Amino acid sequence: METIEENKINDSPYEERECLCGCGKTFIPKRSDQYHLNKLHTNRAYNEGTRKNNLENERDIIKILRRNDRILKKYFETRKDEEVEQIHNIIQAEGFMSGFSIGAKVFNHETWYYTFNYRYSLYNKEGFTIIKIKLR
């Protein structure tokens with residue numbers, strides 16, 4: 001004897017389709033725009049697909065910011081001064097990317113860029129680009 005639910009599934013005007021979340025399960029949709037087996041599969045498709053792709057860029061940027069912070073920390077802690085100056089090319093050779101910061105402010109016509117724990121400013125001196133590092 002068929003139950004009411006089995007009867008509904010069998011009477012559906014839509015053909016069986018595969019769930020788009022990647023689970024490999026097939027189902028008979030209740031609506032023409034139903035592409036996932038249920039809400040859990042819809043969430044899975046979003047979290048492991050669309051959202052994951054969007055977050056990959058954010059993760060890459062955060063990695064760069066953390067690396068920049070570690071490099072600034074290394075040079076700042078070697079001298080133990082309130083302000084440390086270093087040739088920019090030396091820091092850049094270690095992987096520092098001055099194009100990535102979490103913010104910038106101008107103080108006395110000097111632009112300071114911020115990382116998580118430090119701030120830095122770039123200026124030219126005798127043909128070299130110098131980076132000035134301070135603790136935030």
# chains A, B, ... in the order shown; residues from 1 in each chain; ligands from 1
call {"tool": "residues_around", "arguments": {"residues": "range 106-121 of chain A", "least_positions_apart": "3", "cutoff": "6 Å", "atoms": "only C-alpha atoms", "output": "VMD selection string"}}
result
chain A and resid 69 101 to 103 131 to 136
call {"tool": "residues_around", "arguments": {"residues": "Ile71 in chain A", "least_positions_apart": "3", "cutoff": "9 Å", "atoms": "only C-alpha atoms", "output": "PyMOL selection string"}}
result
chain A and resi 66-68+74-76+91+94-96
call {"tool": "atom_distance", "arguments": {"atom1": "CA of Asn38 in chain A", "atom2": "CA of Asn54 in chain A"}}
result
23.2 Å
call {"tool": "select_by_dssp", "arguments": {"residues": "chain A", "states": "alpha helix (DSSP H)", "output": "JSON, numbers by chain"}}
result
{"A": [4, 5, 6, 7, 8, 9, 10, 39, 40, 41, 42, 43, 44, 45, 51, 52, 53, 54, 55, 56, 57, 58, 59, 60, 61, 62, 63, 64, 65, 66, 67, 68, 69, 70, 71, 72, 73, 74, 75, 76, 77, 78, 79, 88, 89, 90, 91, 92, 93]}
call {"tool": "write_last_selection", "arguments": {"atoms": "C-alpha atoms", "output": "short mmCIF file (atom, residue, chain, number, x, y, z; two decimals), in the first residue's frame"}}
result
data_model
loop_
_atom_site.label_atom_id
_atom_site.label_comp_id
_atom_site.auth_asym_id
_atom_site.auth_seq_id
_atom_site.Cartn_x
_atom_site.Cartn_y
_atom_site.Cartn_z
CA ILE A 4 0.38 9.73 0.65
CA GLU A 5 3.97 11.01 0.49
CA GLU A 6 5.04 8.28 -1.95
CA ASN A 7 2.00 9.09 -4.05
CA LYS A 8 3.00 12.79 -4.21
CA ILE A 9 6.52 11.92 -5.32
CA ASN A 10 5.28 9.60 -8.03
CA LYS A 39 17.93 22.95 2.86
CA LEU A 40 20.98 21.15 4.28
CA HIS A 41 22.20 20.41 0.76
CA THR A 42 21.51 24.01 -0.30
CA ASN A 43 23.64 25.24 2.62
CA ARG A 44 26.38 22.77 1.78
CA ALA A 45 26.47 23.94 -1.83
CA ARG A 51 31.27 31.14 -0.11
CA LYS A 52 34.47 29.12 -0.20
CA ASN A 53 35.50 30.77 -3.47
CA ASN A 54 34.78 34.23 -2.06
CA LEU A 55 36.77 33.54 1.11
CA GLU A 56 39.84 32.26 -0.75
CA ASN A 57 40.74 35.82 -1.80
CA GLU A 58 40.23 37.07 1.76
CA ARG A 59 42.43 34.29 3.14
CA ASP A 60 45.21 35.14 0.69
CA ILE A 61 45.10 38.82 1.67
CA ILE A 62 45.10 38.01 5.38
CA LYS A 63 48.15 35.76 4.86
CA ILE A 64 49.97 38.65 3.17
CA LEU A 65 49.00 41.04 5.99
CA ARG A 66 50.19 38.58 8.66
CA ARG A 67 53.48 38.04 6.83
CA ASN A 68 53.96 41.82 6.55
CA ASP A 69 53.29 42.13 10.29
CA ARG A 70 55.83 39.40 11.14
CA ILE A 71 58.49 41.02 8.95
CA LEU A 72 57.94 44.45 10.52
CA LYS A 73 58.07 42.86 13.96
CA LYS A 74 61.40 41.22 13.16
CA TYR A 75 63.03 44.52 12.17
CA PHE A 76 61.34 46.54 14.91
CA GLU A 77 62.42 44.18 17.70
CA THR A 78 66.05 43.98 16.54
CA ARG A 79 66.68 47.61 17.50
CA HIS A 88 62.80 49.09 1.82
CA ASN A 89 64.48 46.70 -0.65
CA ILE A 90 65.89 44.60 2.21
CA ILE A 91 62.46 44.15 3.78
CA GLN A 92 60.91 43.58 0.36
CA ALA A 93 63.41 40.77 -0.30
#
call {"tool": "select_by_dssp", "arguments": {"residues": "chain A", "states": "strand (DSSP E)", "output": "count of residues only"}}
result
35
call {"tool": "residues_around", "arguments": {"residues": "Glu18 in chain A", "least_positions_apart": "5", "cutoff": "8 Å", "atoms": "only C-alpha atoms", "output": "mmCIF file with N, CA and C atoms, in the first residue's frame"}}
result
data_model
loop_
_atom_site.group_PDB
_atom_site.id
_atom_site.type_symbol
_atom_site.label_atom_id
_atom_site.label_comp_id
_atom_site.auth_asym_id
_atom_site.auth_seq_id
_atom_site.Cartn_x
_atom_site.Cartn_y
_atom_site.Cartn_z
ATOM 1 N N GLY A 24 25.810 13.637 -5.103
ATOM 2 C CA GLY A 24 25.536 12.527 -6.009
ATOM 3 C C GLY A 24 24.151 11.920 -5.854
ATOM 4 N N LYS A 25 23.357 12.408 -4.918
ATOM 5 C CA LYS A 25 22.010 11.882 -4.702
ATOM 6 C C LYS A 25 21.051 12.452 -5.744
ATOM 7 N N THR A 26 20.062 11.638 -6.094
ATOM 8 C CA THR A 26 19.032 12.104 -7.015
ATOM 9 C C THR A 26 17.728 12.271 -6.244
ATOM 10 N N PHE A 27 16.866 13.131 -6.753
ATOM 11 C CA PHE A 27 15.590 13.385 -6.102
ATOM 12 C C PHE A 27 14.589 13.886 -7.141
ATOM 13 N N TYR A 35 16.881 22.829 -6.903
ATOM 14 C CA TYR A 35 18.085 22.214 -7.443
ATOM 15 C C TYR A 35 18.840 21.385 -6.412
ATOM 16 N N HIS A 36 18.390 21.438 -5.157
ATOM 17 C CA HIS A 36 19.032 20.685 -4.089
ATOM 18 C C HIS A 36 17.987 19.829 -3.386
#
call {"tool": "closest_residue", "arguments": {"among": "A:Gln86, A:Asp33, A:Ser12, A:Glu48", "to": "Asn124 in chain A", "atoms": "only C-alpha atoms"}}
result
A:Gln86
call {"tool": "decode", "arguments": {"residues": "range 20-65 of chain A", "atoms": "N, CA and C atoms", "output": "compact mmCIF listing (two decimals), in the first residue's frame"}}
result
# COMPACT_ATOMS: atom_id res chain seq x y z
N LEU A 20 22.65 19.44 -6.86
CA LEU A 20 23.78 20.22 -7.34
C LEU A 20 24.84 20.51 -6.27
N CYS A 21 24.63 20.00 -5.06
CA CYS A 21 25.64 20.25 -4.02
C CYS A 21 26.87 19.37 -4.21
N GLY A 22 26.73 18.33 -5.01
CA GLY A 22 27.86 17.45 -5.26
C GLY A 22 27.80 16.15 -4.49
N CYS A 23 26.69 15.89 -3.81
CA CYS A 23 26.57 14.66 -3.02
C CYS A 23 26.30 13.44 -3.88
N GLY A 24 25.81 13.64 -5.10
CA GLY A 24 25.54 12.53 -6.01
C GLY A 24 24.15 11.92 -5.85
N LYS A 25 23.36 12.41 -4.92
CA LYS A 25 22.01 11.88 -4.70
C LYS A 25 21.05 12.45 -5.74
N THR A 26 20.06 11.64 -6.09
CA THR A 26 19.03 12.10 -7.02
C THR A 26 17.73 12.27 -6.24
N PHE A 27 16.87 13.13 -6.75
CA PHE A 27 15.59 13.39 -6.10
C PHE A 27 14.59 13.89 -7.14
N ILE A 28 13.33 13.82 -6.79
CA ILE A 28 12.28 14.38 -7.64
C ILE A 28 11.87 15.71 -7.01
N PRO A 29 12.09 16.81 -7.72
CA PRO A 29 11.81 18.13 -7.14
C PRO A 29 10.32 18.40 -6.96
N LYS A 30 10.03 19.23 -5.96
CA LYS A 30 8.66 19.64 -5.70
C LYS A 30 8.32 20.92 -6.46
N ARG A 31 9.37 21.66 -6.85
CA ARG A 31 9.19 22.90 -7.61
C ARG A 31 10.13 22.87 -8.81
N SER A 32 9.83 23.68 -9.78
CA SER A 32 10.68 23.71 -10.98
C SER A 32 12.05 24.31 -10.71
N ASP A 33 12.16 25.16 -9.67
CA ASP A 33 13.44 25.80 -9.36
C ASP A 33 14.16 25.15 -8.18
N GLN A 34 13.83 23.92 -7.85
CA GLN A 34 14.50 23.21 -6.76
C GLN A 34 15.68 22.44 -7.33
N TYR A 35 16.88 22.83 -6.90
CA TYR A 35 18.08 22.21 -7.44
C TYR A 35 18.84 21.39 -6.41
N HIS A 36 18.39 21.44 -5.16
CA HIS A 36 19.03 20.69 -4.09
C HIS A 36 17.99 19.83 -3.39
N LEU A 37 18.46 18.73 -2.82
CA LEU A 37 17.58 17.77 -2.16
C LEU A 37 16.78 18.41 -1.03
N ASN A 38 17.44 19.21 -0.21
CA ASN A 38 16.78 19.92 0.90
C ASN A 38 17.65 21.10 1.33
N LYS A 39 17.23 21.74 2.40
CA LYS A 39 17.93 22.95 2.86
C LYS A 39 19.38 22.65 3.28
N LEU A 40 19.62 21.52 3.88
CA LEU A 40 20.98 21.15 4.28
C LEU A 40 21.90 21.07 3.07
N HIS A 41 21.40 20.52 1.98
CA HIS A 41 22.20 20.41 0.76
C HIS A 41 22.39 21.78 0.11
N THR A 42 21.39 22.64 0.22
CA THR A 42 21.51 24.01 -0.30
C THR A 42 22.62 24.74 0.46
N ASN A 43 22.61 24.61 1.79
CA ASN A 43 23.64 25.24 2.62
C ASN A 43 25.02 24.69 2.30
N ARG A 44 25.10 23.39 2.11
CA ARG A 44 26.38 22.77 1.78
C ARG A 44 26.91 23.32 0.46
N ALA A 45 26.04 23.43 -0.53
CA ALA A 45 26.47 23.94 -1.83
C ALA A 45 26.99 25.38 -1.71
N TYR A 46 26.33 26.18 -0.87
CA TYR A 46 26.76 27.57 -0.69
C TYR A 46 28.10 27.63 0.06
N ASN A 47 28.17 26.92 1.19
CA ASN A 47 29.37 27.00 2.02
C ASN A 47 30.60 26.40 1.36
N GLU A 48 30.43 25.33 0.62
CA GLU A 48 31.58 24.67 0.00
C GLU A 48 31.81 25.14 -1.43
N GLY A 49 30.92 25.94 -1.96
CA GLY A 49 31.06 26.43 -3.32
C GLY A 49 31.25 27.92 -3.36
N THR A 50 30.16 28.66 -3.44
CA THR A 50 30.18 30.11 -3.59
C THR A 50 30.97 30.79 -2.48
N ARG A 51 30.63 30.47 -1.24
CA ARG A 51 31.27 31.14 -0.11
C ARG A 51 32.76 30.81 -0.03
N LYS A 52 33.08 29.54 -0.26
CA LYS A 52 34.47 29.12 -0.20
C LYS A 52 35.31 29.89 -1.22
N ASN A 53 34.77 30.03 -2.43
CA ASN A 53 35.50 30.77 -3.47
C ASN A 53 35.69 32.22 -3.09
N ASN A 54 34.67 32.84 -2.48
CA ASN A 54 34.78 34.23 -2.06
C ASN A 54 35.81 34.39 -0.95
N LEU A 55 35.86 33.44 -0.03
CA LEU A 55 36.77 33.54 1.11
C LEU A 55 38.21 33.24 0.75
N GLU A 56 38.46 32.56 -0.37
CA GLU A 56 39.84 32.26 -0.75
C GLU A 56 40.64 33.54 -0.95
N ASN A 57 40.05 34.54 -1.60
CA ASN A 57 40.74 35.82 -1.80
C ASN A 57 41.02 36.49 -0.46
N GLU A 58 40.04 36.47 0.44
CA GLU A 58 40.23 37.07 1.76
C GLU A 58 41.35 36.37 2.52
N ARG A 59 41.39 35.05 2.44
CA ARG A 59 42.43 34.29 3.14
C ARG A 59 43.81 34.65 2.60
N ASP A 60 43.92 34.78 1.29
CA ASP A 60 45.21 35.14 0.69
C ASP A 60 45.67 36.51 1.16
N ILE A 61 44.75 37.47 1.22
CA ILE A 61 45.10 38.82 1.67
C ILE A 61 45.49 38.82 3.13
N ILE A 62 44.77 38.08 3.95
CA ILE A 62 45.10 38.01 5.38
C ILE A 62 46.47 37.37 5.58
N LYS A 63 46.81 36.37 4.78
CA LYS A 63 48.15 35.76 4.86
C LYS A 63 49.23 36.80 4.56
N ILE A 64 49.00 37.61 3.54
CA ILE A 64 49.97 38.65 3.17
C ILE A 64 50.10 39.66 4.31
N LEU A 65 48.97 40.08 4.89
CA LEU A 65 49.00 41.04 5.99
C LEU A 65 49.73 40.47 7.21
